[in-house]
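Notes follow the structure.
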Amino acid sequence: RPPRSTLFPYTTLFRSVSNLLHQAEKATGIDELERHFGYKLLVMLFASQHLMKGFAATFTGPCVQYLYGSYKVAGPQMQIFSGVTQLPWAMKPVIGLISDNLPIRGYHKAPYMLIASLFGIGACASIGVVPHDHMSVGRLVVCLFLMQLQLSTCDLLTEAKYAEKMRAKPEQGPALMTFVWFGLQFAGLVAVALIGPVMKHFGNRIPFLMALIPLSLIVIPLGKGFMEDRRPASNI
């Protein structure tokens with residue numbers, strides 16, 4: 001066991017960092033949000049709104065036109081493909097209707113988010129890993145569609161969850177909205193700052209491999225039940 005004098009600097013550093021984080025929580029109001037809404041909701045919003053919608057979507061978005069260009073796709077056809085891949089955002093009312101009326105084992109939100117995330121993660125990995133010659137433009141469009149399906153599904157259902165929480169505590173609603181939108185815009189800004197150098201030095205597919213991390217992290221809180229998607233008593 002190391003002597004106490006050896007451990008002292010590390011203990012002091014740990015306490016300093018802990019105090020700094022605690023002060024940061026107070027300054028940003030996150031401790032208040034945690035007290036009113038619980039840490040599980042904040043983690044879900046961080047994973048879905050900040051990491052996925054804010055960072056991953058902004059980080060991979062600029063690569064898409066260059067990928068189409070590598071297949072020599074004409075401009076009008078590129079617009080058609082873009083419209084197809086963006087369909088999941090127009091399908092949000094349908095996704096909401098299905099999740100409300102067709103629960104999976106009694107759960108309305110988490111299973112749909114998990115299924116969409118698994119498809120989206122697999123699609124993102126395929127774009128990043130599968131060589132150009134082995135992926136047709138049709139398969140690329142399908143992969144991009146599945147990625148957007150993950151983003152739109154998780155966006156919709158986490159929005160529904162925090163809207164439900166805000167109805168219970170409307171006085172804290174503005175603070176929660178600030179947390180969501182500030183984090184989303186900040187993550188997007190970081191993505192915009194990084195994507196240019198990454199594409200320049202590593203190509204158009206590597207950003208999809210890098211985006212796997214923020215896209216995949218949402219699986220952890222979903223698996224731990226952070227959506228608090230309780231089943232009705234009749235289904236238990």
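Chains: A, B, ... in order of the structure tokens. Residues: from 1 per chain. Ligands: from 1, in order shown.
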Which segment 33-100 of chain A residues have any atom within 10 Å of an atom of segment 104-114 of chain A, and for each, what is the nearest pair of atoms with distance in Å to one decimal, counting only C-alpha atoms, rows sorted by chain and number, as JSON lines?
```
{"residue": "A:Ser48", "atom": "CA", "partner": "A:Met113", "partner_atom": "CA", "distance": 10.0}
{"residue": "A:Ile95", "atom": "CA", "partner": "A:Tyr112", "partner_atom": "CA", "distance": 8.9}
{"residue": "A:Gly96", "atom": "CA", "partner": "A:Lys109", "partner_atom": "CA", "distance": 9.0}
{"residue": "A:Ile98", "atom": "CA", "partner": "A:His108", "partner_atom": "CA", "distance": 8.7}
{"residue": "A:Ser99", "atom": "CA", "partner": "A:His108", "partner_atom": "CA", "distance": 5.1}
{"residue": "A:Asp100", "atom": "CA", "partner": "A:His108", "partner_atom": "CA", "distance": 5.9}
```
Dump of N, CA and C atoms for the selected residues, as a PDB file, in the first residue's frame:
```pdb
ATOM      1  N   SER A  48     -29.448  11.906 -26.342  1.00  0.00           N
ATOM      2  CA  SER A  48     -30.270  12.032 -27.550  1.00  0.00           C
ATOM      3  C   SER A  48     -30.140  13.391 -28.211  1.00  0.00           C
ATOM      4  N   ILE A  95     -44.542   7.743 -36.387  1.00  0.00           N
ATOM      5  CA  ILE A  95     -43.767   7.063 -35.343  1.00  0.00           C
ATOM      6  C   ILE A  95     -44.418   7.268 -33.984  1.00  0.00           C
ATOM      7  N   GLY A  96     -44.871   8.495 -33.717  1.00  0.00           N
ATOM      8  CA  GLY A  96     -45.548   8.773 -32.450  1.00  0.00           C
ATOM      9  C   GLY A  96     -46.839   7.994 -32.305  1.00  0.00           C
ATOM     10  N   ILE A  98     -47.621   5.123 -33.742  1.00  0.00           N
ATOM     11  CA  ILE A  98     -47.311   3.703 -33.545  1.00  0.00           C
ATOM     12  C   ILE A  98     -46.847   3.443 -32.118  1.00  0.00           C
ATOM     13  N   SER A  99     -45.947   4.277 -31.605  1.00  0.00           N
ATOM     14  CA  SER A  99     -45.427   4.051 -30.247  1.00  0.00           C
ATOM     15  C   SER A  99     -46.520   4.225 -29.190  1.00  0.00           C
ATOM     16  N   ASP A 100     -47.492   5.096 -29.449  1.00  0.00           N
ATOM     17  CA  ASP A 100     -48.583   5.306 -28.486  1.00  0.00           C
ATOM     18  C   ASP A 100     -49.573   4.144 -28.481  1.00  0.00           C
TER      19      ASP A 100
END
```
Taking 6 positions as the minimum chain separation for residues in the same chain, which residues sit within 6 Å of Leu184 of chain A when counting only C-alpha atoms? Answer as an MDAnalysis selection string. chainID A and resid 49:50 54
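Counting only C-alpha atoms and comparing A:Lys165, A:Arg205, A:His36, A:Lys53, the residue that lies closest to Gly183 of chain A is A:Lys53.
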Can you tell me which residues surround Val198 of chain A at a distance of at most 8 Å, considering only C-alpha atoms, apart from same-chain residues fewer than 5 positions away, and format the answer as an MDAnalysis selection string? chainID A and resid 203 206:207
Near-segment 212-215 of chain A list (12 Å; only C-alpha atoms; drop same-chain fewer than 5 positions) as number ranges by chain: A: 46-60, 113-114, 116-129, 147-148, 150-151, 154, 187, 191, 205-207, 220
So the first atom is atom CA of Leu102 of chain A and the second is atom CA of Thr158 of chain A; what is the distance between them in Å, to one decimal place?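 According to the coordinates, atom CA of Leu102 of chain A and atom CA of Thr158 of chain A are separated by 17.5 Å.
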For segment 171-176 of chain A, work out the shell of residues within 10 Å, counting only C-alpha atoms and skipping chain neighbours fewer than 5 positions away, then give it as a PDB file with C-alpha atoms, in the first residue's frame.
```pdb
ATOM      1  CA  THR A  28     -25.241  26.251 -14.762  1.00  0.00           C
ATOM      2  CA  GLY A  29     -28.309  25.269 -12.769  1.00  0.00           C
ATOM      3  CA  ILE A  30     -27.884  21.570 -13.567  1.00  0.00           C
ATOM      4  CA  GLU A  32     -31.568  22.389  -9.804  1.00  0.00           C
ATOM      5  CA  LEU A  33     -32.687  20.513 -12.916  1.00  0.00           C
ATOM      6  CA  GLU A  34     -31.533  17.256 -11.383  1.00  0.00           C
ATOM      7  CA  HIS A  36     -36.699  18.726 -10.098  1.00  0.00           C
ATOM      8  CA  PHE A  37     -36.513  16.285 -13.014  1.00  0.00           C
ATOM      9  CA  LEU A  42     -30.917  14.722 -18.062  1.00  0.00           C
ATOM     10  CA  LEU A  45     -31.490  14.341 -23.107  1.00  0.00           C
ATOM     11  CA  TYR A 162     -39.468  15.995 -21.349  1.00  0.00           C
ATOM     12  CA  ALA A 163     -42.737  17.633 -22.450  1.00  0.00           C
ATOM     13  CA  LYS A 165     -42.094  16.225 -17.261  1.00  0.00           C
ATOM     14  CA  MET A 166     -42.530  19.945 -17.958  1.00  0.00           C
ATOM     15  CA  TRP A 181     -31.028  23.825 -26.695  1.00  0.00           C
ATOM     16  CA  PHE A 182     -27.775  25.179 -25.296  1.00  0.00           C
TER      17      PHE A 182
END
```
Work out how far apart atom CA of Leu87 of chain A and atom CA of Gln65 of chain A are and give it in Å to one decimal.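 Pair atom CA of Leu87 of chain A / atom CA of Gln65 of chain A returns 16.9 Å.
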Using DSSP on the backbone coordinates, identify the residues of segment 6-230 of chain A assigned to alpha helix (DSSP H); present them as a PyMOL selection string. chain A and resi 6-28+30-37+39-45+57-60+63-70+75-85+87-90+92-101+110-129+137-168+173-202+206-216+219-223
Can you tell me, as a PDB file with all heavy atoms, in the first residue's frame, what residues are no more than 12 Å from Tyr71 of chain A when counting only C-alpha atoms, ignoring any on the same chain fewer than 4 positions away?
```pdb
ATOM      1  N   VAL A  64     -22.373  13.767 -46.722  1.00  0.00           N
ATOM      2  CA  VAL A  64     -23.315  13.040 -47.572  1.00  0.00           C
ATOM      3  C   VAL A  64     -23.184  13.444 -49.038  1.00  0.00           C
ATOM      4  O   VAL A  64     -23.119  12.575 -49.931  1.00  0.00           O
ATOM      5  CB  VAL A  64     -24.759  13.251 -47.063  1.00  0.00           C
ATOM      6  CG1 VAL A  64     -25.757  12.609 -48.024  1.00  0.00           C
ATOM      7  CG2 VAL A  64     -24.919  12.671 -45.665  1.00  0.00           C
ATOM      8  N   GLN A  65     -23.140  14.734 -49.330  1.00  0.00           N
ATOM      9  CA  GLN A  65     -23.039  15.168 -50.721  1.00  0.00           C
ATOM     10  C   GLN A  65     -21.737  14.699 -51.359  1.00  0.00           C
ATOM     11  O   GLN A  65     -21.716  14.363 -52.552  1.00  0.00           O
ATOM     12  CB  GLN A  65     -23.156  16.687 -50.808  1.00  0.00           C
ATOM     13  CG  GLN A  65     -24.566  17.201 -50.517  1.00  0.00           C
ATOM     14  CD  GLN A  65     -24.726  18.676 -50.822  1.00  0.00           C
ATOM     15  OE1 GLN A  65     -23.743  19.384 -51.022  1.00  0.00           O
ATOM     16  NE2 GLN A  65     -25.961  19.144 -50.838  1.00  0.00           N
ATOM     17  N   TYR A  66     -20.656  14.656 -50.598  1.00  0.00           N
ATOM     18  CA  TYR A  66     -19.388  14.171 -51.131  1.00  0.00           C
ATOM     19  C   TYR A  66     -19.455  12.675 -51.415  1.00  0.00           C
ATOM     20  O   TYR A  66     -18.842  12.183 -52.372  1.00  0.00           O
ATOM     21  CB  TYR A  66     -18.249  14.482 -50.162  1.00  0.00           C
ATOM     22  CG  TYR A  66     -17.954  15.959 -50.064  1.00  0.00           C
ATOM     23  CD1 TYR A  66     -18.511  16.741 -49.053  1.00  0.00           C
ATOM     24  CD2 TYR A  66     -17.120  16.580 -50.987  1.00  0.00           C
ATOM     25  CE1 TYR A  66     -18.248  18.098 -48.964  1.00  0.00           C
ATOM     26  CE2 TYR A  66     -16.844  17.941 -50.903  1.00  0.00           C
ATOM     27  CZ  TYR A  66     -17.414  18.689 -49.897  1.00  0.00           C
ATOM     28  OH  TYR A  66     -17.151  20.045 -49.816  1.00  0.00           O
ATOM     29  N   LEU A  67     -20.195  11.942 -50.572  1.00  0.00           N
ATOM     30  CA  LEU A  67     -20.373  10.511 -50.830  1.00  0.00           C
ATOM     31  C   LEU A  67     -21.166  10.300 -52.117  1.00  0.00           C
ATOM     32  O   LEU A  67     -20.809   9.451 -52.947  1.00  0.00           O
ATOM     33  CB  LEU A  67     -21.089   9.851 -49.648  1.00  0.00           C
ATOM     34  CG  LEU A  67     -20.266   9.674 -48.372  1.00  0.00           C
ATOM     35  CD1 LEU A  67     -21.136   9.154 -47.240  1.00  0.00           C
ATOM     36  CD2 LEU A  67     -19.103   8.724 -48.603  1.00  0.00           C
ATOM     37  N   GLY A  75     -27.036  15.955 -59.984  1.00  0.00           N
ATOM     38  CA  GLY A  75     -27.666  16.868 -59.033  1.00  0.00           C
ATOM     39  C   GLY A  75     -29.133  16.570 -58.763  1.00  0.00           C
ATOM     40  O   GLY A  75     -29.543  16.450 -57.595  1.00  0.00           O
ATOM     41  N   GLN A  77     -30.820  13.799 -59.179  1.00  0.00           N
ATOM     42  CA  GLN A  77     -30.941  12.499 -58.502  1.00  0.00           C
ATOM     43  C   GLN A  77     -30.486  12.611 -57.049  1.00  0.00           C
ATOM     44  O   GLN A  77     -31.054  11.981 -56.153  1.00  0.00           O
ATOM     45  CB  GLN A  77     -30.095  11.462 -59.234  1.00  0.00           C
ATOM     46  CG  GLN A  77     -30.294  10.036 -58.735  1.00  0.00           C
ATOM     47  CD  GLN A  77     -31.681   9.504 -59.040  1.00  0.00           C
ATOM     48  OE1 GLN A  77     -32.289   9.867 -60.047  1.00  0.00           O
ATOM     49  NE2 GLN A  77     -32.200   8.654 -58.172  1.00  0.00           N
ATOM     50  N   MET A  78     -29.477  13.458 -56.806  1.00  0.00           N
ATOM     51  CA  MET A  78     -28.992  13.683 -55.443  1.00  0.00           C
ATOM     52  C   MET A  78     -30.097  14.283 -54.569  1.00  0.00           C
ATOM     53  O   MET A  78     -30.245  13.909 -53.399  1.00  0.00           O
ATOM     54  CB  MET A  78     -27.779  14.615 -55.480  1.00  0.00           C
ATOM     55  CG  MET A  78     -26.972  14.666 -54.208  1.00  0.00           C
ATOM     56  SD  MET A  78     -25.581  15.829 -54.305  1.00  0.00           S
ATOM     57  CE  MET A  78     -24.577  15.040 -55.563  1.00  0.00           C
ATOM     58  N   HIS A 132     -15.992   1.451 -50.773  1.00  0.00           N
ATOM     59  CA  HIS A 132     -16.817   2.090 -51.797  1.00  0.00           C
ATOM     60  C   HIS A 132     -17.275   1.090 -52.857  1.00  0.00           C
ATOM     61  O   HIS A 132     -18.441   1.089 -53.264  1.00  0.00           O
ATOM     62  CB  HIS A 132     -16.013   3.227 -52.444  1.00  0.00           C
ATOM     63  CG  HIS A 132     -16.752   3.962 -53.510  1.00  0.00           C
ATOM     64  ND1 HIS A 132     -16.842   3.491 -54.806  1.00  0.00           N
ATOM     65  CD2 HIS A 132     -17.428   5.136 -53.489  1.00  0.00           C
ATOM     66  CE1 HIS A 132     -17.546   4.343 -55.539  1.00  0.00           C
ATOM     67  NE2 HIS A 132     -17.902   5.347 -54.757  1.00  0.00           N
ATOM     68  N   ASP A 133     -16.373   0.229 -53.315  1.00  0.00           N
ATOM     69  CA  ASP A 133     -16.687  -0.700 -54.401  1.00  0.00           C
ATOM     70  C   ASP A 133     -17.688  -1.765 -53.987  1.00  0.00           C
ATOM     71  O   ASP A 133     -18.312  -2.395 -54.852  1.00  0.00           O
ATOM     72  CB  ASP A 133     -15.406  -1.390 -54.903  1.00  0.00           C
ATOM     73  CG  ASP A 133     -14.438  -0.396 -55.526  1.00  0.00           C
ATOM     74  OD1 ASP A 133     -14.904   0.682 -55.957  1.00  0.00           O
ATOM     75  OD2 ASP A 133     -13.225  -0.693 -55.568  1.00  0.00           O
ATOM     76  N   HIS A 134     -17.851  -1.993 -52.682  1.00  0.00           N
ATOM     77  CA  HIS A 134     -18.760  -3.035 -52.202  1.00  0.00           C
ATOM     78  C   HIS A 134     -20.090  -2.468 -51.697  1.00  0.00           C
ATOM     79  O   HIS A 134     -20.930  -3.222 -51.222  1.00  0.00           O
ATOM     80  CB  HIS A 134     -18.096  -3.838 -51.082  1.00  0.00           C
ATOM     81  CG  HIS A 134     -16.957  -4.674 -51.551  1.00  0.00           C
ATOM     82  ND1 HIS A 134     -15.696  -4.169 -51.772  1.00  0.00           N
ATOM     83  CD2 HIS A 134     -16.888  -6.003 -51.865  1.00  0.00           C
ATOM     84  CE1 HIS A 134     -14.890  -5.130 -52.183  1.00  0.00           C
ATOM     85  NE2 HIS A 134     -15.589  -6.258 -52.254  1.00  0.00           N
ATOM     86  N   MET A 135     -20.252  -1.161 -51.769  1.00  0.00           N
ATOM     87  CA  MET A 135     -21.518  -0.547 -51.345  1.00  0.00           C
ATOM     88  C   MET A 135     -22.091   0.262 -52.499  1.00  0.00           C
ATOM     89  O   MET A 135     -21.507   1.272 -52.912  1.00  0.00           O
ATOM     90  CB  MET A 135     -21.315   0.349 -50.114  1.00  0.00           C
ATOM     91  CG  MET A 135     -22.598   1.073 -49.694  1.00  0.00           C
ATOM     92  SD  MET A 135     -22.415   2.049 -48.183  1.00  0.00           S
ATOM     93  CE  MET A 135     -22.556   0.773 -46.941  1.00  0.00           C
ATOM     94  N   SER A 136     -23.215  -0.180 -53.014  1.00  0.00           N
ATOM     95  CA  SER A 136     -23.862   0.553 -54.100  1.00  0.00           C
ATOM     96  C   SER A 136     -24.497   1.825 -53.548  1.00  0.00           C
ATOM     97  O   SER A 136     -24.681   1.974 -52.331  1.00  0.00           O
ATOM     98  CB  SER A 136     -24.928  -0.319 -54.760  1.00  0.00           C
ATOM     99  OG  SER A 136     -25.982  -0.569 -53.845  1.00  0.00           O
ATOM    100  N   VAL A 137     -24.851   2.727 -54.443  1.00  0.00           N
ATOM    101  CA  VAL A 137     -25.477   3.973 -53.997  1.00  0.00           C
ATOM    102  C   VAL A 137     -26.842   3.692 -53.365  1.00  0.00           C
ATOM    103  O   VAL A 137     -27.271   4.398 -52.437  1.00  0.00           O
ATOM    104  CB  VAL A 137     -25.586   4.976 -55.168  1.00  0.00           C
ATOM    105  CG1 VAL A 137     -26.576   4.492 -56.233  1.00  0.00           C
ATOM    106  CG2 VAL A 137     -25.968   6.366 -54.677  1.00  0.00           C
ATOM    107  N   GLY A 138     -27.515   2.658 -53.830  1.00  0.00           N
ATOM    108  CA  GLY A 138     -28.804   2.283 -53.225  1.00  0.00           C
ATOM    109  C   GLY A 138     -28.648   1.866 -51.778  1.00  0.00           C
ATOM    110  O   GLY A 138     -29.447   2.255 -50.916  1.00  0.00           O
ATOM    111  N   ARG A 139     -27.613   1.078 -51.490  1.00  0.00           N
ATOM    112  CA  ARG A 139     -27.360   0.655 -50.114  1.00  0.00           C
ATOM    113  C   ARG A 139     -26.956   1.844 -49.248  1.00  0.00           C
ATOM    114  O   ARG A 139     -27.301   1.902 -48.065  1.00  0.00           O
ATOM    115  CB  ARG A 139     -26.266  -0.412 -50.093  1.00  0.00           C
ATOM    116  CG  ARG A 139     -26.715  -1.743 -50.681  1.00  0.00           C
ATOM    117  CD  ARG A 139     -25.604  -2.765 -50.671  1.00  0.00           C
ATOM    118  NE  ARG A 139     -26.043  -4.022 -51.265  1.00  0.00           N
ATOM    119  CZ  ARG A 139     -25.250  -5.079 -51.465  1.00  0.00           C
ATOM    120  NH1 ARG A 139     -23.965  -4.998 -51.101  1.00  0.00           N
ATOM    121  NH2 ARG A 139     -25.713  -6.175 -52.005  1.00  0.00           N
ATOM    122  N   LEU A 140     -26.208   2.764 -49.841  1.00  0.00           N
ATOM    123  CA  LEU A 140     -25.845   3.976 -49.106  1.00  0.00           C
ATOM    124  C   LEU A 140     -27.094   4.751 -48.695  1.00  0.00           C
ATOM    125  O   LEU A 140     -27.202   5.221 -47.546  1.00  0.00           O
ATOM    126  CB  LEU A 140     -24.941   4.858 -49.972  1.00  0.00           C
ATOM    127  CG  LEU A 140     -24.588   6.236 -49.401  1.00  0.00           C
ATOM    128  CD1 LEU A 140     -23.744   6.098 -48.140  1.00  0.00           C
ATOM    129  CD2 LEU A 140     -23.866   7.087 -50.438  1.00  0.00           C
ATOM    130  N   VAL A 141     -28.034   4.883 -49.608  1.00  0.00           N
ATOM    131  CA  VAL A 141     -29.279   5.601 -49.305  1.00  0.00           C
ATOM    132  C   VAL A 141     -30.048   4.902 -48.182  1.00  0.00           C
ATOM    133  O   VAL A 141     -30.579   5.557 -47.274  1.00  0.00           O
ATOM    134  CB  VAL A 141     -30.155   5.728 -50.574  1.00  0.00           C
ATOM    135  CG1 VAL A 141     -31.541   6.254 -50.236  1.00  0.00           C
ATOM    136  CG2 VAL A 141     -29.489   6.649 -51.588  1.00  0.00           C
TER     137      VAL A 141
END
```
